[in-house]
Every structure is written in structure tokens, then in C-alpha cells.
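> Questions regarding the structure given below will be posed in turn.
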There are 2 protein chains.
Amino acid sequence: MVSKGAHPPESATLSRLVLPGDRPEHLVAFESQMVDFFVEAADLLGVPKSVAAIYGIIFASPQPLSFAEIESRLDISKGSVSQGLRVLREVGAIKEVSGETDRAELFTPDLEMRKLIARFLENRLNKQLDAGSSRLTTLQKALPASRSADAEVLRERLKSLQAWHSKARQLLPVAKAFLKLSPR
Amino acid sequence: MVSKGAHPPESATLSRLVLPGDRPEHLVAFESQMVDFFVEAADLLGVPKSVAAIYGIIFASPQPLSFAEIESRLDISKGSVSQGLRVLREVGAIKEVSGETDRAELFTPDLEMRKLIARFLENRLNKQLDAGSSRLTTLQKALPASRSADAEVLRERLKSLQAWHSKARQLLPVAKAFLKLSPR
DNA sequence: GGTATAGTTCAATTTGAATTGAAATTACGC
DNA sequence: GCGTAATTTCAATTCAAATTGAACTATACC
């Protein structure tokens, strides 16, 4: 819910997700900010924080990271790292690169953000819209057929709902097209 | 998280939020569908289900509803109804109309959906974007100044992030304008 | 003013999703 | 193949957010 008052002093508290380890302070600060950037967006994007954090730590590293490194840099369980990496691979947010020697898999962001975003719109929004469509159809059928004033009101409201729904649907491709004019 | 497999038979199970009471079956069916329509969207919109349900039941009624009627039609506690109505009033999703006699307040949807949606974009998305902006600024400052290849990579990534962020910001007004060409 | 009725508040509880961690599995080097 | 390390799986746990409900406040009626 939208909390009633503004947050208190709104200090820039970092979410304490990044473990300092023995790395240089400024690096840790950078990573923390990056992780927080994605963690903050996590809710909007509909992914768990841990997943966002993993993406963030990978994104903040110029060098591909191994499973172990991710685990050690984040205060997150091994299980979560495993699951998080799976999700990120599935949606194409990261890719595996084989280290020079045949050592463990290394992960680096798949910078095809365009695809990522397209996929996000696809999944989260389109799915939502489809579900909405079918509900609207059902509602249409469930509408009282009478010509009473009441029935008329309902018919109007449903119509309005449908109109908005269809607008939203039309907006998706517009948004996609717009974003296509975009950076890498 | 995005559950791994598709939902099983995906039957059109209504969420059992609407209490039949002694009203005609077809009406209850209609209300249930309407409530579910909004409840389904609740997550995307970032409101609790109970709030969505309350909006749904009000939207499904041609006649303005009283507090008591809302409470009796939904399987939801009095406290939730009270809180839910407050939220809905605050965001302008419903309005109070005084019943002819001086009886209790009655609630009806404020059909200015355009405003509702604008406000939603405003709150949820703009807020998100603003938070993002400030994080990006901080990140900019935290960026290692060296000209190493690694630093270069990070600078590039940050740039890309900023570009997307700014695209998203530009998209908002486009979306607003687009929706403005819309029904009531 | 007294009492019943309607609505609000908020601490305690419930709920559902995210996370953990330990056991099971897989992959690897020898 | 055998043992070790890396990763996955999933039941149990934790955690945050939503919901409840009982005490409280405001309002209306006599």
C-alpha cells in the first residue's frame, strides 16, 4: 500500500546485501549502489529481491563472476543464488561465459537489454492483459440483459472497462516501438 | 517469482471473495467476476487484494453502496473495509454521494478513470524513476575514475543504464498522451 | 446527557512468498 | 570407478505485508 506519510529522514541506507569481504571500500560502495538500484526496481519488475541483487552484483562487475564469487559477495544463501541464477538465465538477463581454462561457469550480464525489456513486457503485461480479456468476455456474458436503468449503467461501465483495456493493449506495441529507438 | 510451470488446469475458479447472501445467483456471479477482474490486476497495480475487491464490488453495483452493504457482500473484515475505502477515496477511485435522506455515506466509482490512471503512473512509476535517478547519480560519482579497461566497462554499463532510464522517463508522457485519446 | 449505531484505529495474527540449509545430485579430477 | 567439490532441489523456516478484530471514537437519535 502507499504509506500515508513520507518516509522519515529517508536516509540513503544501503540495503546491506553486499558483503564487504576484503575488497576495497570504494568498490564495495559501488557494488552496493548497483545492487540497490536493481533491488529497488525488483518490486516493479515482479522479481524477488534476491534475484535483483544477483543481477546487480553481476552487473557491477567488469569481470564475469562465478557462482562462488556471487555467493561470497552477497549475503544470500547458496540455494537462493542457485535459483536466482536459473531465473536470470531463463529470462536471458545473464549469459554464461566459459573461463579461459575449463574452470567453472562464469556469469556476465547479457547486455541485450532490449530483449530483456521486450520479454518483460511480453510476460508480465501481456499475460495480465490476456487474463483481463477473458474476464471481460465472461463479464459481457454475465451482464443482465434487461433494459432497466441499472442494467444500462452496468453495460456502460463494462464498455468503459473494455475501452481502457483495449487502449492498454494498443499501448504495448507503441511502447515497444518507442524503446526500440534506443541504446544497446 | 514467475512460477516454473504453467498453472494446472487453470480452471476459472472465482476467488470466493463475494458472499452470496440472499441475492440472485446471476447477480452474484456478475459481481464475482468483476471483483476478480480487479483482484487479478491488484498485484500489477500494487494495491492489496482487499482494496481491489472493494473497488470491484462498488464498480459492479449500479447503485452506490454503503459501508454496511460492502461489508456484507464481501468476505472481508470491517477493518479492511474501512482502510480500503480510505485508500480508494484518497486516490480518487471512488466518491461519496449522500443518500437522498441524510443516511450513511454511499460510495460509487469515480469514473474519471483518466485521472485514476494518470495518478497511478504518477505515483508508482514516477516515484520509481525518481528513486532511480538519484541512485544513478550516486553511481556516477562512485564510478572508478581510472582509465583501466575494467573501469571503461563499468562506465559503459552505467551509460547504458542511464540511457534506458531516460528512455523510460520519456515514455511516460508519451503513454499519458496516448491514453488521453481515450474513452471517459 | 445517555445510549445505541457506524466507522476508525492499531496491535496481534494470518498468510503467502521469499529464503534458507541440509540432503541429494551432478560434474570433475585423479 | 572413487572421492571431492560444485550445484540443485525442496521441505522447513523466516519475513514482510495484508488482514483481522476488539477497543476506541465520533455521530445520531431520543
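Residue numbering restarts at 1 for every chain of the C-alpha cells, chains are lettered A, B, ... in their displayed order, and ligands are numbered from 1 as they appear.
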Could you pull out the residues in stretch 1-183 of chain B that DSSP calls helix (DSSP H, G or I) from the backbone, as a PyMOL selection string?
chain B and resi 25-45+49-59+67-73+78-90+113-142+149-180
> Please provide the set of residues having any atom within 10 Å of stretch 17-23 of chain D, restricted to only C-alpha atoms (C1' of nucleotides), with same-chain residues fewer than 3 positions apart removed, written as a ChimeraX atom specification.
/A:1 /B:48-50,76-80 /C:9-10,12-16
> Could you produce a table of the residues of chain A lying within 6 Å of chain B, with the nearest pair of atoms per residue and their separation in Å rounded to one decimal, using only C-alpha atoms, ordered by chain and increasing residue number, as CSV?

residue,atom,partner,partner_atom,distance
A:Met1,CA,B:Val47,CA,5.5
A:Phe30,CA,B:Ala142,CA,5.5
A:Val47,CA,B:Met1,CA,5.4
A:Pro62,CA,B:Asp150,CA,5.4
A:Ala142,CA,B:Phe30,CA,5.5
A:Asp150,CA,B:Pro62,CA,5.4
A:Val153,CA,B:Pro62,CA,5.8
> Residues of chain D within 12 Å of chain A, counting only C-alpha atoms (C1' of nucleotides), what are they? List them as a list of chain:residue names.
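For chain D, the answer reads D:DA5, D:DA6, D:DT7, D:DT8, D:DT9, D:DC10, D:DA17, D:DA18.
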> Taking only C-alpha atoms (C1' of nucleotides) into account, find every residue of chain C that has an atom no more than 12 Å from chain B, and write it out as a PyMOL selection string.
chain C and resi 5-10+17-18
> Once you have the residues from the selection above, write them out as a PDB file, in the first residue's frame, restricted to N, CA and C atoms (P, O5', C5', C4', C3', O3' and C1' of nucleotides).

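Output (part27.pdb):
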ATOM      1  P    DT C   5     -28.753  -0.235  18.056  1.00  0.00           P
ATOM      2  O5'  DT C   5     -28.004   0.556  16.884  1.00  0.00           O
ATOM      3  C5'  DT C   5     -28.399   1.878  16.528  1.00  0.00           C
ATOM      4  C4'  DT C   5     -27.352   2.431  15.575  1.00  0.00           C
ATOM      5  C3'  DT C   5     -26.651   1.368  14.730  1.00  0.00           C
ATOM      6  O3'  DT C   5     -26.736   1.780  13.375  1.00  0.00           O
ATOM      7  C1'  DT C   5     -25.058   2.761  15.804  1.00  0.00           C
ATOM      8  P    DA C   6     -25.866   1.179  12.210  1.00  0.00           P
ATOM      9  O5'  DA C   6     -24.607   2.135  12.174  1.00  0.00           O
ATOM     10  C5'  DA C   6     -24.771   3.493  11.758  1.00  0.00           C
ATOM     11  C4'  DA C   6     -23.398   4.036  11.390  1.00  0.00           C
ATOM     12  C3'  DA C   6     -22.633   3.127  10.431  1.00  0.00           C
ATOM     13  O3'  DA C   6     -22.042   3.966   9.445  1.00  0.00           O
ATOM     14  C1'  DA C   6     -21.379   3.439  12.414  1.00  0.00           C
ATOM     15  P    DG C   7     -20.986   3.426   8.411  1.00  0.00           P
ATOM     16  O5'  DG C   7     -19.635   3.785   9.167  1.00  0.00           O
ATOM     17  C5'  DG C   7     -19.287   5.156   9.344  1.00  0.00           C
ATOM     18  C4'  DG C   7     -17.927   5.246   9.984  1.00  0.00           C
ATOM     19  C3'  DG C   7     -16.799   4.597   9.175  1.00  0.00           C
ATOM     20  O3'  DG C   7     -15.827   5.606   8.962  1.00  0.00           O
ATOM     21  C1'  DG C   7     -16.746   3.865  11.434  1.00  0.00           C
ATOM     22  P    DT C   8     -14.431   5.304   8.407  1.00  0.00           P
ATOM     23  O5'  DT C   8     -13.576   5.150   9.750  1.00  0.00           O
ATOM     24  C5'  DT C   8     -13.393   6.305  10.573  1.00  0.00           C
ATOM     25  C4'  DT C   8     -12.353   6.005  11.631  1.00  0.00           C
ATOM     26  C3'  DT C   8     -10.981   5.606  11.085  1.00  0.00           C
ATOM     27  O3'  DT C   8     -10.048   6.447  11.738  1.00  0.00           O
ATOM     28  C1'  DT C   8     -11.732   4.013  12.676  1.00  0.00           C
ATOM     29  P    DT C   9      -8.526   6.507  11.241  1.00  0.00           P
ATOM     30  O5'  DT C   9      -7.758   5.739  12.405  1.00  0.00           O
ATOM     31  C5'  DT C   9      -8.238   5.889  13.727  1.00  0.00           C
ATOM     32  C4'  DT C   9      -7.566   4.890  14.643  1.00  0.00           C
ATOM     33  C3'  DT C   9      -6.152   4.463  14.226  1.00  0.00           C
ATOM     34  O3'  DT C   9      -5.331   4.677  15.362  1.00  0.00           O
ATOM     35  C1'  DT C   9      -7.504   2.546  14.653  1.00  0.00           C
ATOM     36  P    DC C  10      -3.765   4.751  15.300  1.00  0.00           P
ATOM     37  O5'  DC C  10      -3.338   3.292  15.805  1.00  0.00           O
ATOM     38  C5'  DC C  10      -3.815   2.804  17.065  1.00  0.00           C
ATOM     39  C4'  DC C  10      -3.526   1.315  17.152  1.00  0.00           C
ATOM     40  C3'  DC C  10      -2.182   0.912  16.542  1.00  0.00           C
ATOM     41  O3'  DC C  10      -1.636  -0.107  17.365  1.00  0.00           O
ATOM     42  C1'  DC C  10      -3.860  -0.354  15.564  1.00  0.00           C
ATOM     43  P    DA C  17       1.795 -16.584  -2.978  1.00  0.00           P
ATOM     44  O5'  DA C  17       3.161 -15.802  -3.092  1.00  0.00           O
ATOM     45  C5'  DA C  17       3.251 -14.458  -2.626  1.00  0.00           C
ATOM     46  C4'  DA C  17       4.665 -14.214  -2.195  1.00  0.00           C
ATOM     47  C3'  DA C  17       5.687 -14.871  -3.112  1.00  0.00           C
ATOM     48  O3'  DA C  17       6.682 -13.901  -3.357  1.00  0.00           O
ATOM     49  C1'  DA C  17       6.051 -15.576  -0.884  1.00  0.00           C
ATOM     50  P    DA C  18       7.989 -14.192  -4.199  1.00  0.00           P
ATOM     51  O5'  DA C  18       9.129 -14.240  -3.082  1.00  0.00           O
ATOM     52  C5'  DA C  18       9.284 -13.126  -2.218  1.00  0.00           C
ATOM     53  C4'  DA C  18      10.398 -13.391  -1.249  1.00  0.00           C
ATOM     54  C3'  DA C  18      11.720 -13.803  -1.879  1.00  0.00           C
ATOM     55  O3'  DA C  18      12.723 -13.098  -1.184  1.00  0.00           O
ATOM     56  C1'  DA C  18      10.994 -15.480  -0.351  1.00  0.00           C
TER      57       DA C  18
END
> Taking the chain letters and numbering used in this document, name the residues of stretch 57-151 of chain B that DSSP puts in strand (DSSP E), as an mmCIF file with C-alpha atoms, in the first residue's frame.

data_model
loop_
_atom_site.group_PDB
_atom_site.id
_atom_site.type_symbol
_atom_site.label_atom_id
_atom_site.label_comp_id
_atom_site.auth_asym_id
_atom_site.auth_seq_id
_atom_site.Cartn_x
_atom_site.Cartn_y
_atom_site.Cartn_z
ATOM 1 C CA LEU B 65 -23.154 1.146 -1.864
ATOM 2 C CA SER B 66 -22.995 1.854 1.822
ATOM 3 C CA ILE B 94 -14.464 6.287 -5.633
ATOM 4 C CA LYS B 95 -16.541 9.193 -4.475
ATOM 5 C CA GLU B 96 -19.131 9.592 -1.776
ATOM 6 C CA VAL B 97 -22.641 10.532 -2.660
ATOM 7 C CA SER B 98 -25.053 11.417 0.093
ATOM 8 C CA GLU B 105 -22.471 7.847 3.039
ATOM 9 C CA LEU B 106 -22.773 5.875 -0.150
ATOM 10 C CA PHE B 107 -19.890 5.044 -2.443
ATOM 11 C CA THR B 108 -19.778 4.886 -6.187
ATOM 12 C CA PRO B 109 -16.873 4.651 -8.605
#
> Quick check, in Å to one decimal: how far apart do atom C1' of C:DT20 and atom C1' of D:DT14 lie?
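Separating atom C1' of C:DT20 from atom C1' of D:DT14 is a distance of 8.3 Å.
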